[in-house]
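Q: upload-v8.cif (mmCIF, C-alpha atoms) pasted underneath:
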```cif
data_coords
loop_
_atom_site.label_atom_id
_atom_site.label_comp_id
_atom_site.auth_asym_id
_atom_site.auth_seq_id
_atom_site.Cartn_x
_atom_site.Cartn_y
_atom_site.Cartn_z
CA MET A 1 85.48 -18.15 12.49
CA HIS A 2 82.32 -18.30 10.41
CA GLU A 3 81.26 -21.34 12.51
CA ALA A 4 79.62 -18.84 14.90
CA THR A 5 77.44 -17.59 12.04
CA ILE A 6 76.61 -21.17 11.10
CA ALA A 7 75.78 -22.09 14.73
CA GLN A 8 73.48 -19.08 14.89
CA SER A 9 71.69 -20.16 11.70
CA ILE A 10 71.22 -23.69 13.08
CA LEU A 11 69.68 -22.32 16.28
CA GLU A 12 67.39 -20.01 14.29
CA ILE A 13 66.15 -23.00 12.27
CA ALA A 14 65.56 -24.96 15.52
CA ARG A 15 63.75 -22.02 17.09
CA LEU A 16 61.34 -21.77 14.18
CA ARG A 17 60.67 -25.51 14.36
CA VAL A 18 59.91 -25.43 18.08
CA ALA A 19 57.72 -22.33 17.82
CA ALA A 20 54.82 -24.40 16.48
CA HIS A 21 54.69 -26.50 19.66
CA ASP A 22 53.59 -24.80 22.89
CA GLY A 23 56.03 -25.38 25.72
CA ALA A 24 58.36 -27.50 23.62
CA ARG A 25 62.12 -27.45 23.91
CA VAL A 26 64.84 -28.62 21.56
CA GLU A 27 66.62 -31.79 22.69
CA ARG A 28 68.81 -32.47 19.70
CA VAL A 29 69.60 -30.90 16.36
CA ARG A 30 71.13 -33.08 13.68
CA VAL A 31 73.31 -31.46 11.05
CA GLU A 32 75.13 -32.91 8.06
CA ILE A 33 78.39 -31.40 6.89
CA GLY A 34 80.09 -32.37 3.65
CA ALA A 35 83.85 -32.69 3.37
CA PHE A 36 83.82 -29.99 0.67
CA ARG A 37 82.49 -27.35 3.05
CA ASN A 38 84.81 -25.14 5.06
CA VAL A 39 83.21 -26.01 8.38
CA ASP A 40 85.23 -27.29 11.30
CA PRO A 41 83.10 -29.67 13.43
CA GLU A 42 84.84 -28.86 16.71
CA ALA A 43 84.64 -25.12 16.17
CA LEU A 44 80.97 -25.48 15.22
CA SER A 45 80.14 -27.51 18.36
CA PHE A 46 82.03 -25.03 20.51
CA ALA A 47 80.17 -22.09 18.96
CA PHE A 48 76.81 -23.89 19.24
CA ASP A 49 77.25 -24.58 22.96
CA GLY A 50 78.27 -20.98 23.57
CA ILE A 51 75.43 -19.39 21.63
CA LYS A 52 72.56 -21.72 22.60
CA GLN A 53 72.20 -19.96 25.93
CA ASP A 54 70.77 -17.02 23.99
CA TYR A 55 67.88 -19.18 22.77
CA ASP A 56 65.30 -19.96 25.49
CA CYS A 57 64.07 -23.16 23.86
CA CYS A 58 67.57 -24.51 23.21
CA HIS A 59 69.43 -24.31 26.52
CA GLU A 60 69.70 -28.09 26.74
CA ALA A 61 69.98 -28.74 23.00
CA ARG A 62 72.67 -31.11 21.78
CA LEU A 63 74.24 -30.73 18.37
CA GLU A 64 74.77 -34.00 16.50
CA LEU A 65 77.00 -33.80 13.46
CA ARG A 66 77.11 -36.24 10.60
CA LEU A 67 80.19 -35.80 8.44
CA ILE A 68 79.75 -36.75 4.80
CA GLU A 69 82.71 -37.81 2.72
CA ALA A 70 83.18 -36.38 -0.73
CA LEU A 71 82.18 -38.52 -3.69
CA ALA A 72 83.17 -37.33 -7.13
CA VAL A 73 82.73 -38.26 -10.76
CA CYS A 74 85.95 -37.71 -12.66
CA GLN A 75 85.89 -35.35 -15.56
CA LYS A 76 87.30 -37.52 -18.35
CA GLN A 77 86.08 -41.06 -17.78
CA ARG A 78 83.16 -40.56 -15.41
CA HIS A 79 84.64 -42.86 -12.75
CA ASN A 80 83.16 -42.55 -9.27
CA TYR A 81 85.86 -41.91 -6.68
CA SER A 82 86.60 -40.34 -3.30
CA PRO A 83 88.73 -37.26 -3.94
CA SER A 84 91.57 -36.79 -1.47
CA ALA A 85 94.44 -34.34 -1.08
CA GLU A 86 96.83 -37.30 -1.17
CA TYR A 87 96.06 -37.79 -4.89
CA GLY A 88 95.60 -34.11 -5.61
CA PHE A 89 91.83 -34.72 -5.63
CA ARG A 90 92.28 -36.59 -8.92
CA CYS A 91 90.78 -39.88 -9.99
CA GLU A 92 93.11 -42.73 -9.04
CA LEU A 93 92.13 -44.71 -12.15
CA CYS A 94 92.66 -42.13 -14.89
CA ASN A 95 94.21 -39.11 -13.14
CA SER A 96 91.60 -36.66 -14.34
CA GLY A 97 90.17 -34.01 -12.03
CA ILE A 98 86.81 -33.62 -10.36
CA GLY A 99 84.04 -33.40 -12.91
CA GLU A 100 81.23 -33.11 -10.41
CA LEU A 101 80.70 -33.74 -6.74
CA LEU A 102 77.92 -36.21 -5.98
CA ALA A 103 78.37 -35.74 -2.24
CA GLY A 104 80.43 -33.57 0.04
CA GLU A 105 78.85 -30.15 -0.37
CA GLU A 106 76.04 -30.65 2.18
CA LEU A 107 75.48 -28.14 4.94
CA ASN A 108 71.99 -28.85 6.23
CA VAL A 109 69.90 -29.27 9.32
CA VAL A 110 68.25 -32.66 8.79
CA SER A 111 66.24 -33.14 11.96
CA CYS A 112 65.21 -31.65 15.28
CA VAL A 113 64.16 -33.73 18.27
CA LEU A 114 61.71 -31.72 20.32
CA SER A 115 60.59 -32.40 23.87
CA THR A 116 56.90 -31.50 24.02
CA PRO A 117 54.62 -31.47 27.08
CA VAL A 118 52.01 -34.24 27.09
CA GLN A 119 48.42 -33.05 27.56
CA GLU A 120 46.94 -34.94 30.52
CA GLY A 121 43.35 -36.16 30.60
CA MET B 1 55.28 -35.40 31.34
CA HIS B 2 57.07 -34.82 28.06
CA GLU B 3 57.39 -36.80 24.90
CA SER B 4 60.02 -36.60 22.20
CA VAL B 5 59.01 -35.64 18.69
CA ASP B 6 61.57 -36.27 15.96
CA GLN B 7 61.07 -33.94 13.01
CA HIS B 8 62.91 -34.84 9.81
CA PHE B 9 63.50 -32.30 7.07
CA VAL B 10 66.37 -30.84 5.07
CA GLU B 11 67.05 -27.16 5.44
CA GLY B 12 70.15 -25.44 4.10
CA ILE B 13 71.91 -23.75 6.99
CA LEU B 14 73.09 -20.81 4.90
CA ARG B 15 69.84 -20.51 2.94
CA ASN B 16 69.31 -17.01 4.28
CA ASN B 17 72.62 -15.82 2.83
CA ASP B 18 71.91 -17.57 -0.46
CA GLU B 19 68.51 -15.88 -0.78
CA ILE B 20 69.99 -12.43 -0.17
CA ALA B 21 72.73 -13.25 -2.69
CA GLU B 22 70.00 -14.02 -5.24
CA HIS B 23 68.41 -10.68 -4.46
CA ASN B 24 71.77 -8.93 -4.95
CA ARG B 25 72.12 -10.73 -8.28
CA GLU B 26 68.77 -9.31 -9.36
CA HIS B 27 70.03 -5.83 -8.53
CA PHE B 28 73.17 -6.42 -10.58
CA ASP B 29 71.20 -7.83 -13.50
CA GLU B 30 68.68 -4.97 -13.50
CA SER B 31 71.54 -2.65 -14.32
CA GLY B 32 73.64 -5.06 -16.37
CA LEU B 33 76.42 -4.80 -13.83
CA PHE B 34 78.81 -7.72 -14.33
CA THR B 35 80.05 -8.60 -10.86
CA ILE B 36 83.21 -10.41 -9.86
CA ASN B 37 84.03 -11.63 -6.35
CA LEU B 38 87.81 -11.49 -5.85
CA MET B 39 89.12 -13.74 -3.10
CA SER B 40 92.57 -14.61 -1.79
CA ALA B 41 94.72 -14.81 1.31
CA PRO B 42 95.78 -11.44 2.74
CA GLY B 43 98.50 -9.81 0.68
CA ALA B 44 98.08 -11.83 -2.52
CA GLY B 45 97.64 -8.63 -4.50
CA LYS B 46 93.90 -8.12 -4.97
CA THR B 47 94.10 -4.35 -4.61
CA SER B 48 97.18 -4.11 -6.83
CA LEU B 49 95.46 -6.19 -9.48
CA LEU B 50 92.43 -3.89 -9.43
CA SER B 51 94.68 -0.81 -9.50
CA ALA B 52 96.18 -2.11 -12.75
CA THR B 53 93.08 -3.73 -14.27
CA ILE B 54 90.52 -0.95 -13.99
CA PRO B 55 92.63 1.79 -15.67
CA ALA B 56 93.52 -0.70 -18.43
CA LEU B 57 89.81 -1.25 -19.11
CA SER B 58 88.77 2.36 -18.64
CA ASP B 59 88.71 3.40 -22.31
CA ARG B 60 85.88 0.90 -22.92
CA TYR B 61 84.42 -0.02 -19.53
CA ARG B 62 83.42 1.76 -16.36
CA SER B 63 84.17 -0.07 -13.15
CA LEU B 64 83.38 0.22 -9.50
CA VAL B 65 84.96 -1.51 -6.52
CA VAL B 66 83.44 -2.67 -3.26
CA GLU B 67 86.20 -3.22 -0.72
CA GLY B 68 85.79 -5.63 2.15
CA ASP B 69 88.15 -5.28 5.09
CA MET B 70 87.92 -6.02 8.78
CA VAL B 71 89.26 -2.60 9.74
CA GLY B 72 89.74 0.76 8.05
CA GLU B 73 89.74 2.01 4.48
CA LEU B 74 93.39 1.60 3.51
CA ASP B 75 92.70 -0.44 0.36
CA ALA B 76 89.76 1.73 -0.72
CA ASP B 77 91.95 4.80 -0.29
CA ARG B 78 94.71 3.20 -2.39
CA LEU B 79 92.20 2.68 -5.18
CA ARG B 80 90.73 6.18 -4.82
CA ASN B 81 94.24 7.62 -5.08
CA ASN B 82 94.41 5.89 -8.47
CA GLY B 83 91.18 7.56 -9.57
CA ILE B 84 89.05 4.46 -9.00
CA THR B 85 85.64 4.72 -7.34
CA ALA B 86 85.59 2.45 -4.31
CA HIS B 87 83.04 1.85 -1.55
CA GLN B 88 84.19 0.34 1.69
CA ILE B 89 82.49 -2.35 3.75
CA THR B 90 84.16 -2.69 7.12
CA THR B 91 83.24 -6.08 8.52
CA GLY B 92 84.43 -5.59 12.10
CA ARG B 93 85.03 -9.03 13.59
CA SER B 94 83.84 -10.92 10.55
CA CYS B 95 86.50 -12.58 8.38
CA HIS B 96 84.42 -12.51 5.18
CA LEU B 97 81.82 -10.48 3.36
CA ASP B 98 78.31 -11.89 3.35
CA ALA B 99 75.40 -11.19 1.05
CA ALA B 100 73.60 -9.02 3.62
CA MET B 101 76.58 -6.67 3.95
CA VAL B 102 76.65 -6.18 0.19
CA ASN B 103 72.87 -5.78 0.15
CA ARG B 104 72.99 -3.01 2.77
CA LEU B 105 75.59 -1.19 0.70
CA LEU B 106 73.49 -1.54 -2.46
CA HIS B 107 70.56 0.05 -0.65
CA HIS B 108 72.56 2.94 0.75
CA VAL B 109 74.74 3.94 -2.16
CA SER B 110 73.52 5.57 -5.30
CA LEU B 111 75.33 3.85 -8.14
CA PRO B 112 75.78 5.45 -11.56
CA SER B 113 73.58 3.78 -14.17
CA ASN B 114 76.25 3.25 -16.81
CA LEU B 115 78.62 0.91 -14.99
CA ASP B 116 80.00 -2.24 -16.61
CA PHE B 117 82.08 -4.06 -13.99
CA LEU B 118 81.66 -4.33 -10.25
CA PHE B 119 84.67 -5.86 -8.54
CA ILE B 120 84.04 -6.99 -4.97
CA GLU B 121 87.33 -7.39 -3.13
CA ASN B 122 86.58 -9.84 -0.34
CA VAL B 123 88.32 -9.92 3.02
CA GLY B 124 91.72 -11.63 2.72
CA ASN B 125 90.97 -15.24 3.68
CA LEU B 126 90.97 -18.52 1.75
CA VAL B 127 88.42 -20.24 3.99
CA CYS B 128 85.36 -18.29 5.07
CA PRO B 129 84.54 -16.28 1.90
CA ALA B 130 83.99 -19.57 0.03
CA GLU B 131 80.88 -20.25 2.14
CA PHE B 132 79.13 -16.95 1.46
CA PRO B 133 78.07 -16.16 -2.12
CA LEU B 134 77.40 -12.46 -2.59
CA GLY B 135 75.37 -12.59 -5.79
CA GLU B 136 78.40 -12.34 -8.06
CA HIS B 137 78.49 -13.62 -11.63
CA LYS B 138 82.06 -14.93 -11.46
CA ARG B 139 84.46 -15.88 -8.72
CA VAL B 140 88.18 -15.30 -9.07
CA VAL B 141 90.82 -16.55 -6.63
CA LEU B 142 94.30 -15.04 -6.44
CA LEU B 143 97.32 -16.99 -5.25
CA SER B 144 100.65 -15.18 -5.06
CA VAL B 145 103.81 -17.10 -5.87
CA THR B 146 105.19 -16.21 -2.45
CA GLU B 147 102.50 -18.34 -0.79
CA GLY B 148 103.45 -21.80 -2.06
CA ALA B 149 102.16 -23.97 -4.88
CA ASP B 150 100.36 -26.39 -2.58
CA LYS B 151 97.69 -23.93 -1.43
CA PRO B 152 95.00 -25.42 -3.72
CA LEU B 153 95.46 -28.77 -1.95
CA LYS B 154 95.14 -27.10 1.44
CA TYR B 155 92.12 -24.94 0.57
CA PRO B 156 90.30 -27.04 -2.02
CA VAL B 157 86.84 -25.62 -1.43
CA ILE B 158 87.57 -22.11 -2.62
CA PHE B 159 89.51 -23.41 -5.64
CA ARG B 160 86.68 -25.79 -6.49
CA GLN B 161 84.11 -23.01 -6.54
CA CYS B 162 85.92 -20.41 -8.61
CA ASP B 163 85.83 -19.64 -12.32
CA ALA B 164 89.39 -18.41 -12.59
CA VAL B 165 92.65 -18.53 -10.64
CA ILE B 166 95.34 -15.88 -10.97
CA PHE B 167 98.90 -16.60 -9.89
CA THR B 168 100.16 -13.16 -8.95
CA LYS B 169 103.60 -11.60 -8.39
CA CYS B 170 105.09 -13.82 -11.10
CA ASP B 171 107.98 -11.36 -11.49
CA LEU B 172 109.24 -12.99 -8.27
CA LEU B 173 109.31 -16.52 -9.73
CA PRO B 174 113.11 -16.55 -10.15
CA HIS B 175 113.48 -15.80 -6.45
CA VAL B 176 110.97 -18.16 -4.84
CA ASP B 177 110.41 -21.94 -4.82
CA PHE B 178 107.06 -21.84 -6.53
CA ASP B 179 106.47 -24.63 -9.04
CA LEU B 180 104.06 -23.02 -11.48
CA ALA B 181 103.33 -26.26 -13.36
CA LYS B 182 102.54 -28.05 -10.08
CA ALA B 183 100.28 -25.24 -8.93
CA MET B 184 98.34 -25.43 -12.21
CA GLU B 185 98.09 -29.20 -11.90
CA TYR B 186 96.72 -28.89 -8.37
CA VAL B 187 94.11 -26.34 -9.42
CA HIS B 188 92.99 -28.46 -12.35
CA GLY B 189 92.74 -31.60 -10.20
CA ILE B 190 90.18 -29.83 -8.06
CA ASN B 191 88.60 -27.71 -10.76
CA PRO B 192 89.42 -28.79 -14.32
CA GLU B 193 87.31 -25.98 -15.79
CA ALA B 194 89.12 -23.15 -13.97
CA GLN B 195 90.79 -20.61 -16.21
CA ILE B 196 94.34 -19.96 -15.00
CA PHE B 197 96.42 -16.83 -15.43
CA ALA B 198 100.00 -16.24 -14.32
CA LEU B 199 100.86 -12.56 -14.21
CA SER B 200 102.59 -9.68 -12.53
CA VAL B 201 101.15 -6.19 -12.38
CA LYS B 202 104.73 -4.94 -12.46
CA GLN B 203 105.49 -6.40 -15.89
CA SER B 204 104.18 -4.59 -18.94
CA GLY B 205 101.77 -6.65 -20.98
CA GLY B 206 101.35 -9.11 -18.11
CA LEU B 207 97.65 -8.44 -17.83
CA THR B 208 96.71 -9.02 -21.46
CA GLU B 209 95.18 -12.51 -21.13
CA TRP B 210 93.33 -11.58 -17.93
CA LEU B 211 91.90 -8.45 -19.56
CA GLN B 212 90.84 -10.44 -22.61
CA TRP B 213 89.13 -12.97 -20.35
CA LEU B 214 87.22 -10.20 -18.57
CA GLU B 215 86.09 -8.79 -21.92
CA ARG B 216 84.94 -12.22 -23.08
CA GLN B 217 83.05 -12.80 -19.84
CA ILE B 218 81.18 -9.52 -19.97
CA ALA B 219 80.38 -10.06 -23.66
CA GLU B 220 78.96 -13.52 -22.89
CA TYR B 221 77.04 -12.14 -19.94
CA ARG B 222 75.44 -9.50 -22.09
CA SER B 223 74.54 -11.89 -24.88
CA ASP B 224 73.00 -14.29 -22.33
CA ARG B 225 70.82 -11.68 -20.69
CA MET B 226 67.09 -12.19 -20.94
CA SER B 227 66.39 -8.98 -22.86
CA PRO B 228 68.93 -8.92 -25.63
CA ASP B 229 67.36 -5.89 -27.26
CA ALA B 230 67.20 -3.82 -24.08
CA SER B 231 69.63 -0.96 -24.15
CA ARG B 232 71.61 -0.03 -21.09
CA GLU B 233 69.84 3.33 -21.00
CA GLU B 234 66.58 1.52 -20.26
CA HIS B 235 68.13 -0.28 -17.32
CA HIS B 236 68.69 2.39 -14.76
CA VAL B 237 70.03 1.21 -11.46
CA HIS B 238 67.14 0.87 -9.03
CA ILE B 239 69.34 1.48 -6.07
CA THR B 240 68.73 4.71 -4.25
CA ALA B 241 70.09 6.26 -1.13
CA GLY B 242 68.35 5.35 2.10
#
```
Translate the structure described by the file into structure tokens.
A:
Amino acid sequence: MHEATIAQSILEIARLRVAAHDGARVERVRVEIGAFRNVDPEALSFAFDGIKQDYDCCHEARLELRLIEALAVCQKQRHNYSPSAEYGFRCELCNSGIGELLAGEELNVVSCVLSTPVQEG
Amino acid sequence: MHESVDQHFVEGILRNNDEIAEHNREHFDESGLFTINLMSAPGAGKTSLLSATIPALSDRYRSLVVEGDMVGELDADRLRNNGITAHQITTGRSCHLDAAMVNRLLHHVSLPSNLDFLFIENVGNLVCPAEFPLGEHKRVVLLSVTEGADKPLKYPVIFRQCDAVIFTKCDLLPHVDFDLAKAMEYVHGINPEAQIFALSVKQSGGLTEWLQWLERQIAEYRSDRMSPDASREEHHVHITAG
């Protein structure tokens, strides 16, 4: 259940972002998760909603997840393909394994939407 | 009145762990301590492998073990009973070691200056440890033949990230439905560069290729180090108690 650790890290990042704006609160935090990360979206959302109460500026914060599919280059022929367990993560054209992953290893906060008080006058 | 401000940036969620892992790596490199992170499901034989490996290396190399377990010191005690120096990290509710846990140990334990190998035995788990680098030089995943050959397909991340895979308990192959060729194929589909060993600590000579690999890795590590002329005596461990 390392999703709790990850949720905590996300909230820490949001807290630092909001700290620069007096009276601001976090409305939304957007996170991208690659398919080649061991992060379960439901468990992460559950952990986030449980832990956010500990962060004053994040009580109302919503977590938005963007899941990124894996994209690989095969080792032998340099074909681009989407590795899947169904094909043993091998290239469907030449059967070679994953040479490198072009996408799928992301685990990032990519934006925070802050609600900031408007100065009147 | 409030207005919404949308801030766009890219920040790695586990950057904090990765930075501490880098710091740990500097500690290891200061003392030329070649560090291996051993990961597997519970019961795959990490402790048994270390109990056989370290004595087999002991005429040429000095080794130390850091044991990660959720509760107790059973595995560390097993190693100590075999004359192996082992430090325990008890993780409590956490199902993996993280870089900060290893860092705290490094700052509280006085390590001898003439060590060669540090083996970090992670908490038994094929999921969470993959997300938390510790500063190690190499990652090794164990898969026992009693677990099933399809585990690489079910836990691809940890098999993608490792340098070597060891199929353990191979003395049981005649008694279990474990297709060794399939298991190798699955590993190499995910990670074509992974070195694969099939062994049993209960069979004499079973460790030979694994031991040779370890010796090659530490030799390469030493030849790659920035100060090739620096002797080990000049690289005292900078880790002190407190």
Q: Per residue of chain A within 8 Å of chain B, what are the shortest atom pair and its distance in Å to one decimal, counting all atoms listed in the file, with rows by chain and residue number, as JSON lines?
A:
```
{"residue": "A:Met1", "atom": "CA", "partner": "B:Cys95", "partner_atom": "CA", "distance": 7.0}
{"residue": "A:His2", "atom": "CA", "partner": "B:Cys128", "partner_atom": "CA", "distance": 6.1}
{"residue": "A:Ile6", "atom": "CA", "partner": "B:Ile13", "partner_atom": "CA", "distance": 6.8}
{"residue": "A:Ser9", "atom": "CA", "partner": "B:Ile13", "partner_atom": "CA", "distance": 5.9}
{"residue": "A:Ile10", "atom": "CA", "partner": "B:Ile13", "partner_atom": "CA", "distance": 6.1}
{"residue": "A:Ile13", "atom": "CA", "partner": "B:Ile13", "partner_atom": "CA", "distance": 7.8}
{"residue": "A:Phe36", "atom": "CA", "partner": "B:Val157", "partner_atom": "CA", "distance": 5.7}
{"residue": "A:Arg37", "atom": "CA", "partner": "B:Val157", "partner_atom": "CA", "distance": 6.5}
{"residue": "A:Asn38", "atom": "CA", "partner": "B:Val127", "partner_atom": "CA", "distance": 6.2}
{"residue": "A:Gln75", "atom": "CA", "partner": "B:Pro192", "partner_atom": "CA", "distance": 7.6}
{"residue": "A:Ala85", "atom": "CA", "partner": "B:Leu153", "partner_atom": "CA", "distance": 5.7}
{"residue": "A:Gly88", "atom": "CA", "partner": "B:Gly189", "partner_atom": "CA", "distance": 6.0}
{"residue": "A:Phe89", "atom": "CA", "partner": "B:Gly189", "partner_atom": "CA", "distance": 5.6}
{"residue": "A:Arg90", "atom": "CA", "partner": "B:Gly189", "partner_atom": "CA", "distance": 5.2}
{"residue": "A:Ser96", "atom": "CA", "partner": "B:Gly189", "partner_atom": "CA", "distance": 6.6}
{"residue": "A:Gly97", "atom": "CA", "partner": "B:Gly189", "partner_atom": "CA", "distance": 4.0}
{"residue": "A:Ile98", "atom": "CA", "partner": "B:Ile190", "partner_atom": "CA", "distance": 5.6}
{"residue": "A:Gly99", "atom": "CA", "partner": "B:Pro192", "partner_atom": "CA", "distance": 7.2}
{"residue": "A:Leu107", "atom": "CA", "partner": "B:Ile13", "partner_atom": "CA", "distance": 6.0}
{"residue": "A:Asn108", "atom": "CA", "partner": "B:Gly12", "partner_atom": "CA", "distance": 4.4}
{"residue": "A:Val109", "atom": "CA", "partner": "B:Glu11", "partner_atom": "CA", "distance": 5.3}
{"residue": "A:Val110", "atom": "CA", "partner": "B:Val10", "partner_atom": "CA", "distance": 4.5}
{"residue": "A:Ser111", "atom": "CA", "partner": "B:His8", "partner_atom": "CA", "distance": 4.3}
{"residue": "A:Cys112", "atom": "CA", "partner": "B:Gln7", "partner_atom": "CA", "distance": 5.2}
{"residue": "A:Val113", "atom": "CA", "partner": "B:Asp6", "partner_atom": "CA", "distance": 4.3}
{"residue": "A:Leu114", "atom": "CA", "partner": "B:Val5", "partner_atom": "CA", "distance": 5.0}
{"residue": "A:Ser115", "atom": "CA", "partner": "B:Ser4", "partner_atom": "CA", "distance": 4.6}
{"residue": "A:Thr116", "atom": "CA", "partner": "B:His2", "partner_atom": "CA", "distance": 5.2}
{"residue": "A:Pro117", "atom": "CA", "partner": "B:His2", "partner_atom": "CA", "distance": 4.3}
{"residue": "A:Val118", "atom": "CA", "partner": "B:His2", "partner_atom": "CA", "distance": 5.2}
```
Q: Quick one: which residues end up in the PyMOL selection byres ((chain A and resi 83) around 7) for this structure, as JSON, numbers by chain?
A: {"A": [70, 71, 72, 81, 82, 84, 89, 90, 91]}
Q: Hey, can you pull every residue with an atom no more than 7 Å from (98.6, -21.5, -13.4), using only C-alpha atoms, and send it as a PyMOL selection string?
A: chain B and resi 166-167+180-181+183-184+196-198
Q: Exactly which residues make up the result of the PyMOL selection byres ((chain A and resi 50) around 12) on this file, given as a ChimeraX atom specification?
A: /A:3-4,7-8,11,43-49,51-55,58-63
Q: Skipping near chain neighbours, those fewer than 3 positions away, what residues fall within 12 Å of B:Glu147 using all atoms listed in the file, listed as a VMD selection string?
A: chain B and resid 40 to 45 126 142 to 144 150 to 152 154 167 to 170 172 to 173 176 to 180 183
Q: Generate a file of the selected residues that holds C-alpha atoms, formatted as an mmCIF file, keeping the file's coordinate frame.
A:
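And here's out.cif as it stands now:
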```cif
data_model
loop_
_atom_site.group_PDB
_atom_site.id
_atom_site.type_symbol
_atom_site.label_atom_id
_atom_site.label_comp_id
_atom_site.auth_asym_id
_atom_site.auth_seq_id
_atom_site.Cartn_x
_atom_site.Cartn_y
_atom_site.Cartn_z
ATOM 1 C CA SER B 40 92.570 -14.610 -1.790
ATOM 2 C CA ALA B 41 94.720 -14.810 1.310
ATOM 3 C CA PRO B 42 95.780 -11.440 2.740
ATOM 4 C CA GLY B 43 98.500 -9.810 0.680
ATOM 5 C CA ALA B 44 98.080 -11.830 -2.520
ATOM 6 C CA GLY B 45 97.640 -8.630 -4.500
ATOM 7 C CA LEU B 126 90.970 -18.520 1.750
ATOM 8 C CA LEU B 142 94.300 -15.040 -6.440
ATOM 9 C CA LEU B 143 97.320 -16.990 -5.250
ATOM 10 C CA SER B 144 100.650 -15.180 -5.060
ATOM 11 C CA ASP B 150 100.360 -26.390 -2.580
ATOM 12 C CA LYS B 151 97.690 -23.930 -1.430
ATOM 13 C CA PRO B 152 95.000 -25.420 -3.720
ATOM 14 C CA LYS B 154 95.140 -27.100 1.440
ATOM 15 C CA PHE B 167 98.900 -16.600 -9.890
ATOM 16 C CA THR B 168 100.160 -13.160 -8.950
ATOM 17 C CA LYS B 169 103.600 -11.600 -8.390
ATOM 18 C CA CYS B 170 105.090 -13.820 -11.100
ATOM 19 C CA LEU B 172 109.240 -12.990 -8.270
ATOM 20 C CA LEU B 173 109.310 -16.520 -9.730
ATOM 21 C CA VAL B 176 110.970 -18.160 -4.840
ATOM 22 C CA ASP B 177 110.410 -21.940 -4.820
ATOM 23 C CA PHE B 178 107.060 -21.840 -6.530
ATOM 24 C CA ASP B 179 106.470 -24.630 -9.040
ATOM 25 C CA LEU B 180 104.060 -23.020 -11.480
ATOM 26 C CA ALA B 183 100.280 -25.240 -8.930
#
```
Q: Quick one, how far is atom CA of B:Lys138 from atom CA of B:Leu49?
A: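 Separation between atom CA of B:Lys138 and atom CA of B:Leu49: 16.1 Å.
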Q: Evaluated on this file, the PyMOL selection byres ((chain B and resi 69-84) around 9) picks out some residues - which ones are they, written as a PDB file with C-alpha atoms, in the coordinates of the input?
A:
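Written out: selection_19.pdb:
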```pdb
ATOM      1  CA  THR B  47      94.100  -4.350  -4.610  1.00  0.00           C
ATOM      2  CA  SER B  48      97.180  -4.110  -6.830  1.00  0.00           C
ATOM      3  CA  LEU B  50      92.430  -3.890  -9.430  1.00  0.00           C
ATOM      4  CA  SER B  51      94.680  -0.810  -9.500  1.00  0.00           C
ATOM      5  CA  ILE B  54      90.520  -0.950 -13.990  1.00  0.00           C
ATOM      6  CA  PRO B  55      92.630   1.790 -15.670  1.00  0.00           C
ATOM      7  CA  SER B  63      84.170  -0.070 -13.150  1.00  0.00           C
ATOM      8  CA  LEU B  64      83.380   0.220  -9.500  1.00  0.00           C
ATOM      9  CA  VAL B  65      84.960  -1.510  -6.520  1.00  0.00           C
ATOM     10  CA  VAL B  66      83.440  -2.670  -3.260  1.00  0.00           C
ATOM     11  CA  GLU B  67      86.200  -3.220  -0.720  1.00  0.00           C
ATOM     12  CA  GLY B  68      85.790  -5.630   2.150  1.00  0.00           C
ATOM     13  CA  THR B  85      85.640   4.720  -7.340  1.00  0.00           C
ATOM     14  CA  ALA B  86      85.590   2.450  -4.310  1.00  0.00           C
ATOM     15  CA  HIS B  87      83.040   1.850  -1.550  1.00  0.00           C
ATOM     16  CA  GLN B  88      84.190   0.340   1.690  1.00  0.00           C
ATOM     17  CA  ILE B  89      82.490  -2.350   3.750  1.00  0.00           C
ATOM     18  CA  THR B  90      84.160  -2.690   7.120  1.00  0.00           C
ATOM     19  CA  THR B  91      83.240  -6.080   8.520  1.00  0.00           C
ATOM     20  CA  GLY B  92      84.430  -5.590  12.100  1.00  0.00           C
ATOM     21  CA  ARG B  93      85.030  -9.030  13.590  1.00  0.00           C
ATOM     22  CA  SER B  94      83.840 -10.920  10.550  1.00  0.00           C
ATOM     23  CA  CYS B  95      86.500 -12.580   8.380  1.00  0.00           C
ATOM     24  CA  HIS B  96      84.420 -12.510   5.180  1.00  0.00           C
ATOM     25  CA  LEU B  97      81.820 -10.480   3.360  1.00  0.00           C
ATOM     26  CA  GLU B 121      87.330  -7.390  -3.130  1.00  0.00           C
ATOM     27  CA  ASN B 122      86.580  -9.840  -0.340  1.00  0.00           C
ATOM     28  CA  VAL B 123      88.320  -9.920   3.020  1.00  0.00           C
ATOM     29  CA  GLY B 124      91.720 -11.630   2.720  1.00  0.00           C
TER      30      GLY B 124
END
```
Q: In Å, rounded to a single decimal, give me how far atom CA of B:Leu118 is from atom CA of B:Gln203.
A: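 Interatomic distance, atom CA of B:Gln203 to atom CA of B:Leu118: 24.6 Å.
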Q: Could you please give me, as a ChimeraX atom specification, the residues of protein, DNA or RNA lying at most 10 Å from (80.9, -30.4, 5.0) in the coordinate frame of the file, considering all atoms listed in the file?
A: /A:31-41,65-70,103-108 /B:157
Q: Calculate how many Å separate atom CA of B:Gln195 from atom CA of B:Val140, rounding to one decimal.
A: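 Spanning atom CA of B:Gln195 to atom CA of B:Val140 is a straight-line distance of 9.3 Å.
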